[in-house]
Amino acid sequence: MTDTSDEIWEPHAPATTARPRPVEVPASAGRLELLVAGTASVNVLAEGILEVTAEDPEGGTGDVRIEWRIPCVDVTSFWTPDPRGTGWLPAAWSAPRRTGLSRGAPVAALVGTGDTTVCAFAADREEALASGGVVEETGEFRFWVQAAGRLTVRIDTSGRHFGLGLAELADWWAGGRPVHVPDAARLPAYSTWYALHQNITPGTVERQAALGKELGLDTIIVDDGWMTTDRTRGYAHCGDWEPHSLPDTAAHVARVHDLGVQYMLWYALPFIGKDSAAWAELSRFTLVDAPHMGAVVVDPRYPAVRDHLVDRLARAVEEWGMDGLKVDFIDWFGVQDPPAPGPEADCGTVDEGLHLLLAEIRRRTVAARPESMIEHRQPYVSPGLWPYATMVRAVDCPLSPQENRQRVVDTRLIAGPLAVHSDMLMWHPTEPVEQIACHLINVLFGVPQISVDLAVQSPAQRETLAFWLGVSRDHVDTLQLGGFRPARPDLGYPMITAIGDGTTIVARYAALPVATGTDAAGEWRTLLVANADADPGVRLTGGRGTAEATVQDARGRTVGTSTVHLDGGLVYVPRGGLLTLRRV
């Protein structure tokens, strides 16, 4: 083995003293070439799965790096959890990803034909530089991960479905991270953001909560606008978090609870706005200025900042009776070169202060309401945040069903125990019911959030919403907790399968055949196929025998029943419709 660490042109990588040297790997690792900067140890966990540790040989905080190459053969895509991070194969000289507590996660996968794991990895710490790309000179794919002091990386070249490999890496992260996810976090929710924006009043909120309850929406998330009477957007009014648009807040929350609906409230956690009363005291603890937002991001290394934010957020649950918080913009704490902490700071790093801030918010809310919920959002998907959240939402992509699907799937693959929510679904008032159904099918394997004015939906639109929200609720265990098999990340996941206990659910986003055999679909008694493609012809392949088929349209109305063959049978399912197969 030769030292190849100097062969790659890296114009975007930071200067480092880490000098990777070749390390022998067992034959079971396959055609993998490993280089490590620092004192190295290699542990074989299973066939094709290695754990590699690098430590500063001086026992200090010097850079260490773990680097490896494999032949880039029969590869279709490179997967990461970043928004729009999946698909193409980057070059080895591309800029590395910098991950931290508040942004991204140190994980990636090289996916091969048949959705196999050519190579996947995860690191044991949030703060890292990570890179992966094609070596143009050799046709290999090179990975490297770099951090300070000590670093452990798991590498998977097992060839199994890439979703299985990523789930196992997430399970590794989960060890020692206590996380409780209330049942309500996995049920469909209503959000006010796209529907109402800042036009928040007790009456509008209670109206949408009542209408949503009729359709199967048991939680309402009230977004921006409740803390100000200003309606010009921006964040200049953040920081005081007084309920100017929700007077007599506790009584208002009680009225929503009387409807049988849980209530969550939005906070832009890092921002202190220039028009807030808190500005005079807290703006001196600025981490970064955000003049285009009308605010600054405050520095959680200071106890005064943490005390203020914790008290402001916790009182929503403690005093007003809220059921949880939507904690937004955590990624703004991820400043690459923060200012040196002043004498009033009690933390050396921003991440240390952020841990303390989020942990105290979670402690206070759980103490007041043990089943309280906290929503985070992509791209802050780090496993270090899991103890402080119950759900994580796909980052904003209004009216983009395919993008919503991809972001939900990418987040699901490494979300561990957290519930994964879609970005809020919205549509034009004249949207046909078939397309509304497709919006819901595209996020079927996450928790749908709805954000349209429910008062203006037609009876047919409401019927469609109720039907598909019912599918989400009735099959929550399979959809969210079953075996998760998204197909073809290179094509944006045109088919997704979830395998539960006796029930398998397939969503079809392109004119693809549906495998019904046990290898692909598990030992099912009931198999559901949701059709979000314009082609109604659903071809069944790979199974044995026959099944009773029921076809429903986008509104849930039965439009056909028949007996079909599980290998070669053709069933016509309208766009936005559902096929239910039951074994004879």
# chains A, B, ... in the order shown; residues from 1 in each chain; ligands from 1

$ select_by_dssp --residues "range 39-283 of chain A" --states "strand (DSSP E or B)" --output "VMD selection string"
chain A and resid 39 to 46 49 to 55 63 to 71 75 to 79 87 91 97 to 100 103 107 to 112 116 to 123 128 to 135 140 to 148 150 to 156 161 189 to 191 219 to 222 262 to 268 271 to 273

$ residues_around --residues "range 415-430 of chain A" --least-positions-apart "3" --cutoff "6 Å" --atoms "only C-alpha atoms" --output "NGL selection string"
:A and (170 or 186 or 390-394 or 396 or 399 or 408 or 411-412 or 446-452)

$ closest_residue --among "A:Ile414, A:Ala13, A:Leu101, A:Ile505" --to "Trp172 in chain A" --atoms "only C-alpha atoms"
A:Ile414

$ residues_around --residues "Thr53 in chain A" --least-positions-apart "6" --cutoff "7 Å" --atoms "only C-alpha atoms" --output "number ranges by chain"
A: 40-42, 151-153

$ write_last_selection --atoms "C-alpha atoms" --output "PDB file, in the first residue's frame"
ATOM      1  CA  ALA A  40      -4.840   4.290  14.549  1.00  0.00           C
ATOM      2  CA  SER A  41      -6.853   1.300  15.675  1.00  0.00           C
ATOM      3  CA  VAL A  42      -9.122  -0.860  13.513  1.00  0.00           C
ATOM      4  CA  LEU A 151     -12.303  10.492  16.123  1.00  0.00           C
ATOM      5  CA  THR A 152     -14.095   7.187  15.542  1.00  0.00           C
ATOM      6  CA  VAL A 153     -15.707   6.339  12.212  1.00  0.00           C
TER       7      VAL A 153
END

$ residues_around --residues "Leu354 in chain A" --least-positions-apart "3" --cutoff "8 Å" --atoms "only C-alpha atoms" --output "PyMOL selection string"
chain A and resi 300-301+333+350-351+357-358

$ closest_residue --among "A:Ala510, A:Val476, A:Thr157, A:Ala547" --to "Thr561 in chain A" --atoms "only C-alpha atoms"
A:Ala547

$ closest_residue --among "A:Val433, A:Val514, A:Val256, A:Val145" --to "Ala210 in chain A" --atoms "only C-alpha atoms"
A:Val256

$ decode --residues "range 408-443 of chain A" --atoms "N, CA, C and O atoms" --output "compact mmCIF listing (two decimals), in the first residue's frame"
# COMPACT_ATOMS: atom_id res chain seq x y z
N VAL A 408 -38.09 14.55 3.24
CA VAL A 408 -38.61 13.67 4.29
C VAL A 408 -37.82 12.37 4.33
O VAL A 408 -37.40 11.91 5.40
N VAL A 409 -37.58 11.77 3.17
CA VAL A 409 -36.87 10.49 3.14
C VAL A 409 -35.44 10.66 3.63
O VAL A 409 -34.95 9.87 4.45
N ASP A 410 -34.75 11.68 3.15
CA ASP A 410 -33.36 11.89 3.57
C ASP A 410 -33.27 12.07 5.08
O ASP A 410 -32.33 11.59 5.73
N THR A 411 -34.24 12.78 5.65
CA THR A 411 -34.23 12.98 7.10
C THR A 411 -34.60 11.69 7.82
O THR A 411 -33.99 11.35 8.84
N ARG A 412 -35.60 10.97 7.30
CA ARG A 412 -36.01 9.70 7.93
C ARG A 412 -34.85 8.72 8.06
O ARG A 412 -34.73 7.99 9.05
N LEU A 413 -34.00 8.68 7.06
CA LEU A 413 -32.97 7.65 7.01
C LEU A 413 -32.00 7.72 8.18
O LEU A 413 -31.42 6.70 8.55
N ILE A 414 -31.82 8.90 8.77
CA ILE A 414 -30.86 9.00 9.89
C ILE A 414 -31.45 9.77 11.08
O ILE A 414 -30.72 10.30 11.90
N ALA A 415 -32.79 9.80 11.18
CA ALA A 415 -33.42 10.54 12.28
C ALA A 415 -33.49 9.74 13.56
O ALA A 415 -33.93 10.27 14.59
N GLY A 416 -33.08 8.46 13.53
CA GLY A 416 -33.12 7.67 14.74
C GLY A 416 -34.52 7.59 15.32
O GLY A 416 -35.48 7.28 14.63
N PRO A 417 -34.67 7.91 16.62
CA PRO A 417 -35.98 7.76 17.27
C PRO A 417 -36.96 8.89 16.99
O PRO A 417 -38.14 8.77 17.34
N LEU A 418 -36.51 10.00 16.39
CA LEU A 418 -37.38 11.15 16.23
C LEU A 418 -38.45 10.92 15.16
O LEU A 418 -38.21 10.25 14.16
N ALA A 419 -39.62 11.51 15.37
CA ALA A 419 -40.64 11.55 14.32
C ALA A 419 -40.20 12.57 13.27
O ALA A 419 -39.67 13.63 13.60
N VAL A 420 -40.41 12.25 12.00
CA VAL A 420 -40.03 13.14 10.91
C VAL A 420 -41.29 13.71 10.27
O VAL A 420 -42.17 12.97 9.83
N HIS A 421 -41.37 15.04 10.25
CA HIS A 421 -42.53 15.73 9.70
C HIS A 421 -42.20 16.30 8.32
O HIS A 421 -41.07 16.68 8.03
N SER A 422 -43.24 16.36 7.49
CA SER A 422 -43.09 17.01 6.20
C SER A 422 -43.03 18.51 6.37
O SER A 422 -43.44 19.06 7.41
N ASP A 423 -42.51 19.19 5.34
CA ASP A 423 -42.78 20.62 5.29
C ASP A 423 -44.29 20.78 5.10
O ASP A 423 -44.98 19.89 4.59
N MET A 424 -44.79 21.93 5.50
CA MET A 424 -46.23 22.14 5.47
C MET A 424 -46.77 22.03 4.04
O MET A 424 -46.19 22.59 3.11
N LEU A 425 -47.88 21.30 3.89
CA LEU A 425 -48.51 21.16 2.59
C LEU A 425 -49.45 22.33 2.33
O LEU A 425 -50.29 22.67 3.17
N MET A 426 -49.28 22.93 1.17
CA MET A 426 -50.16 24.02 0.74
C MET A 426 -50.50 23.80 -0.72
O MET A 426 -49.83 23.05 -1.43
N TRP A 427 -51.58 24.42 -1.17
CA TRP A 427 -51.96 24.35 -2.57
C TRP A 427 -52.90 25.49 -2.89
O TRP A 427 -53.46 26.16 -2.00
N HIS A 428 -53.07 25.75 -4.18
CA HIS A 428 -53.99 26.78 -4.65
C HIS A 428 -55.42 26.33 -4.34
O HIS A 428 -55.73 25.14 -4.36
N PRO A 429 -56.33 27.29 -4.06
CA PRO A 429 -57.70 26.89 -3.73
C PRO A 429 -58.40 26.05 -4.81
O PRO A 429 -59.32 25.30 -4.50
N THR A 430 -57.94 26.16 -6.07
CA THR A 430 -58.58 25.39 -7.14
C THR A 430 -57.85 24.08 -7.44
O THR A 430 -58.15 23.43 -8.44
N GLU A 431 -56.92 23.69 -6.58
CA GLU A 431 -56.16 22.45 -6.81
C GLU A 431 -57.11 21.26 -6.91
O GLU A 431 -57.99 21.07 -6.06
N PRO A 432 -56.95 20.42 -7.96
CA PRO A 432 -57.81 19.24 -8.06
C PRO A 432 -57.50 18.23 -6.95
O PRO A 432 -56.38 18.17 -6.45
N VAL A 433 -58.50 17.45 -6.61
CA VAL A 433 -58.33 16.53 -5.48
C VAL A 433 -57.26 15.49 -5.77
O VAL A 433 -56.58 15.02 -4.83
N GLU A 434 -57.07 15.12 -7.03
CA GLU A 434 -56.04 14.14 -7.35
C GLU A 434 -54.65 14.66 -6.98
O GLU A 434 -53.80 13.92 -6.48
N GLN A 435 -54.40 15.95 -7.22
CA GLN A 435 -53.10 16.52 -6.89
C GLN A 435 -52.96 16.72 -5.38
O GLN A 435 -51.86 16.56 -4.83
N ILE A 436 -54.04 17.06 -4.70
CA ILE A 436 -53.98 17.14 -3.24
C ILE A 436 -53.60 15.78 -2.66
O ILE A 436 -52.76 15.68 -1.77
N ALA A 437 -54.21 14.72 -3.20
CA ALA A 437 -53.85 13.38 -2.75
C ALA A 437 -52.38 13.09 -3.00
O ALA A 437 -51.70 12.48 -2.18
N CYS A 438 -51.87 13.53 -4.16
CA CYS A 438 -50.46 13.30 -4.48
C CYS A 438 -49.55 14.06 -3.51
O CYS A 438 -48.47 13.56 -3.15
N HIS A 439 -49.94 15.27 -3.12
CA HIS A 439 -49.17 15.98 -2.09
C HIS A 439 -49.05 15.10 -0.83
O HIS A 439 -47.97 14.97 -0.25
N LEU A 440 -50.14 14.51 -0.42
CA LEU A 440 -50.15 13.70 0.80
C LEU A 440 -49.40 12.39 0.61
O LEU A 440 -48.71 11.93 1.52
N ILE A 441 -49.51 11.78 -0.56
CA ILE A 441 -48.78 10.53 -0.81
C ILE A 441 -47.28 10.80 -0.83
O ILE A 441 -46.48 9.96 -0.39
N ASN A 442 -46.87 11.96 -1.31
CA ASN A 442 -45.44 12.27 -1.35
C ASN A 442 -44.82 12.37 0.03
O ASN A 442 -43.60 12.23 0.17
N VAL A 443 -45.62 12.61 1.07
CA VAL A 443 -45.08 12.67 2.42
C VAL A 443 -45.67 11.57 3.29
O VAL A 443 -45.68 11.68 4.52
